[in-house]
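Scroll down for the structure; my scribbles are underneath it.
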Amino acid sequence: MTSVPAMATDDYVGFTFFIGCMSMMAASAFFFLSMNSFDSKWRTSILVSGLITFIAAVHYWYMRDYWAENATSPTFFRYVDWILTVPLMCVEFYLILKAAGATKALMWKLILLSTVMLVTGYFGEAVYRDQAQIWGLVSGIAYFIIVYEIWMGSAAKLAAAAGGAVQAAHKTLCKFVLIGWAIYPIGFMAGTPGWYEGIFGGLQMDVIYNVGDAINKIGFGLVVYQLAVDSK
Ligand SMILES: *C/C=C(C)/C=C/C=C(C)/C=C/C1=C(C)CCCC1(C)C
């Protein structure tokens, strides 16, 4: 029989991996089970909310284990999780704006930008760590283009045209991307060498990422859920 490793009371990384895993599982059950009570128009959106938290739950299971075993950051699992879930969050924007005329081109543009953001981030964090600031900067530029696109670009125009509950939900998702996603570069700066070390170097990268994931993945899903409730 395998035994469960003990967790130190000040192991905040281990604790947030553990609670992150449970929260993502609970959120997935919530989204999946509520799905069929909505109009078919919203079902795909709620399904995607559930897939985002479910994919995260599985990765958190592995990351929690990896941390318990090695006490080092599970960078690989972290980025595999993100490369699957962040594009799905881009799909959410497309899904809620689809009725207002959103095109697949918009969806792919956001997916491409998020992929660039994450691949360059991974290079800085895991592959070329001594050039982390350059890769982080490139990643940050891709991030800002996403922010621009949803706040002021074509996505914003479609949301304005849709009006009502869709516009309100779009606006809230935009705030998640602007404020909630901004948590991640802080984690990156806490965990990589660079000019920012003196400012963020004392913080725990994984705690920051774990808090960011809980806020953004579950929060995003709840915004979509609320939209489905409001337009029932
Ligand atoms: C569920 C996971 C989410 C929403 C992950 C989002 C991740 C980011 C917005 C990461 C952004 C980064 C930068 C903007 C610069 C530094 C490198 C990253 C990848 C941490």
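Every chain in the structure tokens has a letter given in the order shown (A, B, ...), and although residue numbers restart at 1 in each chain, ligands are simply numbered from 1 in the order shown.
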As a quick test: using only C-alpha atoms and all ligand atoms, which residues lie no more than 7 Å away from ligand 1? Give them as a count of residues only. 22
Expected answer as a ChimeraX atom specification: alpha helix (DSSP H) residues in stretch 37-132 of chain A: /A:40-70,75-97,104-122,132
Which residue of A:Lys175, A:Lys157, A:Arg64, A:His170 approaches A:Phe93 most closely, using only C-alpha atoms: A:His170
Under the rule of at most 9 Å, produce a per-residue listing of stretch 39-154 of chain A near stretch 3-27 of chain A: chain, number, name, the closest pair of atoms, and the distance in Å, as JSON lines, using only C-alpha atoms.
{"residue": "A:Ser49", "atom": "CA", "partner": "A:Ala27", "partner_atom": "CA", "distance": 8.9}
{"residue": "A:Gly50", "atom": "CA", "partner": "A:Ala27", "partner_atom": "CA", "distance": 7.1}
{"residue": "A:Ile52", "atom": "CA", "partner": "A:Met24", "partner_atom": "CA", "distance": 8.8}
{"residue": "A:Thr53", "atom": "CA", "partner": "A:Met24", "partner_atom": "CA", "distance": 5.0}
{"residue": "A:Phe54", "atom": "CA", "partner": "A:Met25", "partner_atom": "CA", "distance": 6.3}
{"residue": "A:Ile55", "atom": "CA", "partner": "A:Met24", "partner_atom": "CA", "distance": 8.6}
{"residue": "A:Ala56", "atom": "CA", "partner": "A:Met24", "partner_atom": "CA", "distance": 6.5}
{"residue": "A:Ala57", "atom": "CA", "partner": "A:Met24", "partner_atom": "CA", "distance": 4.9}
{"residue": "A:Val58", "atom": "CA", "partner": "A:Cys21", "partner_atom": "CA", "distance": 7.6}
{"residue": "A:His59", "atom": "CA", "partner": "A:Cys21", "partner_atom": "CA", "distance": 8.2}
{"residue": "A:Tyr60", "atom": "CA", "partner": "A:Cys21", "partner_atom": "CA", "distance": 5.0}
{"residue": "A:Trp61", "atom": "CA", "partner": "A:Cys21", "partner_atom": "CA", "distance": 5.9}
{"residue": "A:Met63", "atom": "CA", "partner": "A:Phe17", "partner_atom": "CA", "distance": 6.9}
{"residue": "A:Arg64", "atom": "CA", "partner": "A:Phe17", "partner_atom": "CA", "distance": 5.0}
{"residue": "A:Asp65", "atom": "CA", "partner": "A:Phe17", "partner_atom": "CA", "distance": 8.8}
{"residue": "A:Trp67", "atom": "CA", "partner": "A:Gly14", "partner_atom": "CA", "distance": 6.6}
{"residue": "A:Ala68", "atom": "CA", "partner": "A:Gly14", "partner_atom": "CA", "distance": 6.8}
{"residue": "A:Glu69", "atom": "CA", "partner": "A:Pro5", "partner_atom": "CA", "distance": 8.2}
{"residue": "A:Ala71", "atom": "CA", "partner": "A:Gly14", "partner_atom": "CA", "distance": 8.6}
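Picture a line from atom CA of A:Met107 to atom CA of A:Leu84; it runs 14.6 Å.
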A:Phe220 environment, 9 Å, only C-alpha atoms, sequence neighbours closer than 3 positions dropped, as a VMD selection string: chain A and resid 49 89 92 172 to 173 176 215 to 217 223 to 225
Using only all heavy atoms, please write the residues we just selected to a file, as a CSV table (one decimal), in the first residue's frame.
chain,number,residue,atom,x,y,z
A,49,SER,N,-17.0,25.4,-20.3
A,49,SER,CA,-16.6,25.9,-18.9
A,49,SER,C,-16.2,24.6,-18.1
A,49,SER,O,-15.2,24.7,-17.3
A,49,SER,CB,-17.8,26.5,-18.2
A,49,SER,OG,-18.1,27.7,-18.8
A,89,MET,N,-10.6,29.0,-23.4
A,89,MET,CA,-11.2,30.3,-22.9
A,89,MET,C,-11.4,31.3,-24.0
A,89,MET,O,-12.4,32.0,-24.0
A,89,MET,CB,-10.3,30.9,-21.8
A,89,MET,CG,-10.2,30.0,-20.5
A,89,MET,SD,-8.9,30.5,-19.4
A,89,MET,CE,-9.9,31.4,-18.2
A,92,GLU,N,-14.6,30.4,-25.6
A,92,GLU,CA,-15.7,31.0,-24.9
A,92,GLU,C,-16.1,32.3,-25.4
A,92,GLU,O,-17.3,32.6,-25.6
A,92,GLU,CB,-15.5,31.1,-23.4
A,92,GLU,CG,-15.3,29.8,-22.7
A,92,GLU,CD,-16.6,29.1,-22.3
A,92,GLU,OE1,-17.6,29.2,-23.0
A,92,GLU,OE2,-16.6,28.5,-21.2
A,172,THR,N,-17.4,41.4,-18.5
A,172,THR,CA,-16.8,40.8,-17.3
A,172,THR,C,-15.7,39.8,-17.7
A,172,THR,O,-14.6,39.8,-17.0
A,172,THR,CB,-17.9,40.0,-16.6
A,172,THR,OG1,-19.1,40.8,-16.4
A,172,THR,CG2,-17.4,39.6,-15.2
A,173,LEU,N,-15.9,39.1,-18.8
A,173,LEU,CA,-14.8,38.2,-19.3
A,173,LEU,C,-13.5,39.1,-19.6
A,173,LEU,O,-12.4,38.7,-19.3
A,173,LEU,CB,-15.2,37.4,-20.5
A,173,LEU,CG,-16.2,36.3,-20.2
A,173,LEU,CD1,-16.5,35.5,-21.5
A,173,LEU,CD2,-15.8,35.4,-19.1
A,176,PHE,N,-11.7,39.9,-16.5
A,176,PHE,CA,-10.9,38.7,-16.1
A,176,PHE,C,-9.6,38.6,-16.9
A,176,PHE,O,-8.5,38.4,-16.3
A,176,PHE,CB,-11.7,37.4,-16.3
A,176,PHE,CG,-12.5,37.0,-15.1
A,176,PHE,CD1,-13.8,37.3,-15.1
A,176,PHE,CD2,-11.9,36.3,-14.1
A,176,PHE,CE1,-14.6,37.0,-13.9
A,176,PHE,CE2,-12.7,35.9,-13.0
A,176,PHE,CZ,-14.0,36.3,-12.9
A,215,ILE,N,-9.1,31.6,-9.7
A,215,ILE,CA,-9.9,32.8,-10.0
A,215,ILE,C,-10.3,32.8,-11.5
A,215,ILE,O,-11.5,32.9,-11.8
A,215,ILE,CB,-9.1,34.1,-9.8
A,215,ILE,CG1,-8.8,34.3,-8.3
A,215,ILE,CG2,-9.8,35.3,-10.3
A,215,ILE,CD1,-7.9,35.4,-7.9
A,216,ASN,N,-9.4,32.5,-12.4
A,216,ASN,CA,-9.7,32.6,-13.8
A,216,ASN,C,-10.5,31.5,-14.4
A,216,ASN,O,-11.5,31.7,-15.1
A,216,ASN,CB,-8.4,32.8,-14.6
A,216,ASN,CG,-7.8,34.2,-14.3
A,216,ASN,OD1,-8.5,35.2,-14.6
A,216,ASN,ND2,-6.7,34.3,-13.7
A,217,LYS,N,-10.2,30.3,-14.0
A,217,LYS,CA,-10.9,29.2,-14.6
A,217,LYS,C,-12.3,29.0,-14.1
A,217,LYS,O,-13.3,28.9,-14.8
A,217,LYS,CB,-10.1,27.9,-14.5
A,217,LYS,CG,-8.8,27.9,-15.3
A,217,LYS,CD,-8.1,26.6,-15.2
A,217,LYS,CE,-7.1,26.4,-16.3
A,217,LYS,NZ,-6.0,27.4,-16.2
A,223,VAL,N,-19.1,33.2,-15.1
A,223,VAL,CA,-19.6,34.3,-15.9
A,223,VAL,C,-20.5,33.7,-17.0
A,223,VAL,O,-21.6,34.2,-17.2
A,223,VAL,CB,-18.5,35.2,-16.5
A,223,VAL,CG1,-19.1,36.2,-17.4
A,223,VAL,CG2,-17.7,35.8,-15.4
A,224,VAL,N,-20.0,32.7,-17.6
A,224,VAL,CA,-20.8,32.1,-18.7
A,224,VAL,C,-22.1,31.4,-18.2
A,224,VAL,O,-23.2,31.6,-18.7
A,224,VAL,CB,-19.9,31.0,-19.4
A,224,VAL,CG1,-20.7,30.3,-20.5
A,224,VAL,CG2,-18.7,31.7,-20.1
A,225,TYR,N,-22.0,30.8,-17.0
A,225,TYR,CA,-23.1,30.2,-16.3
A,225,TYR,C,-24.2,31.3,-16.0
A,225,TYR,O,-25.4,31.1,-16.3
A,225,TYR,CB,-22.7,29.5,-15.0
A,225,TYR,CG,-23.8,29.0,-14.2
A,225,TYR,CD1,-24.3,27.7,-14.4
A,225,TYR,CD2,-24.3,29.7,-13.1
A,225,TYR,CE1,-25.3,27.2,-13.6
A,225,TYR,CE2,-25.3,29.2,-12.4
A,225,TYR,CZ,-25.9,28.0,-12.6
A,225,TYR,OH,-26.9,27.5,-11.8
9 Å contact set for A:Phe76, only C-alpha atoms, chain neighbours under 4 positions out, as a count of residues only: 4
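Among A:Val177, A:Ile183, A:Ala159, A:Ala228, the residue with the shortest atom-to-atom distance to A:Met205, counting only C-alpha atoms, is A:Ile183.
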Please measure the separation of atom CA of A:Ile150 and atom CA of A:Phe200, giving the value in Å to one decimal.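 It comes out at 28.4 Å.
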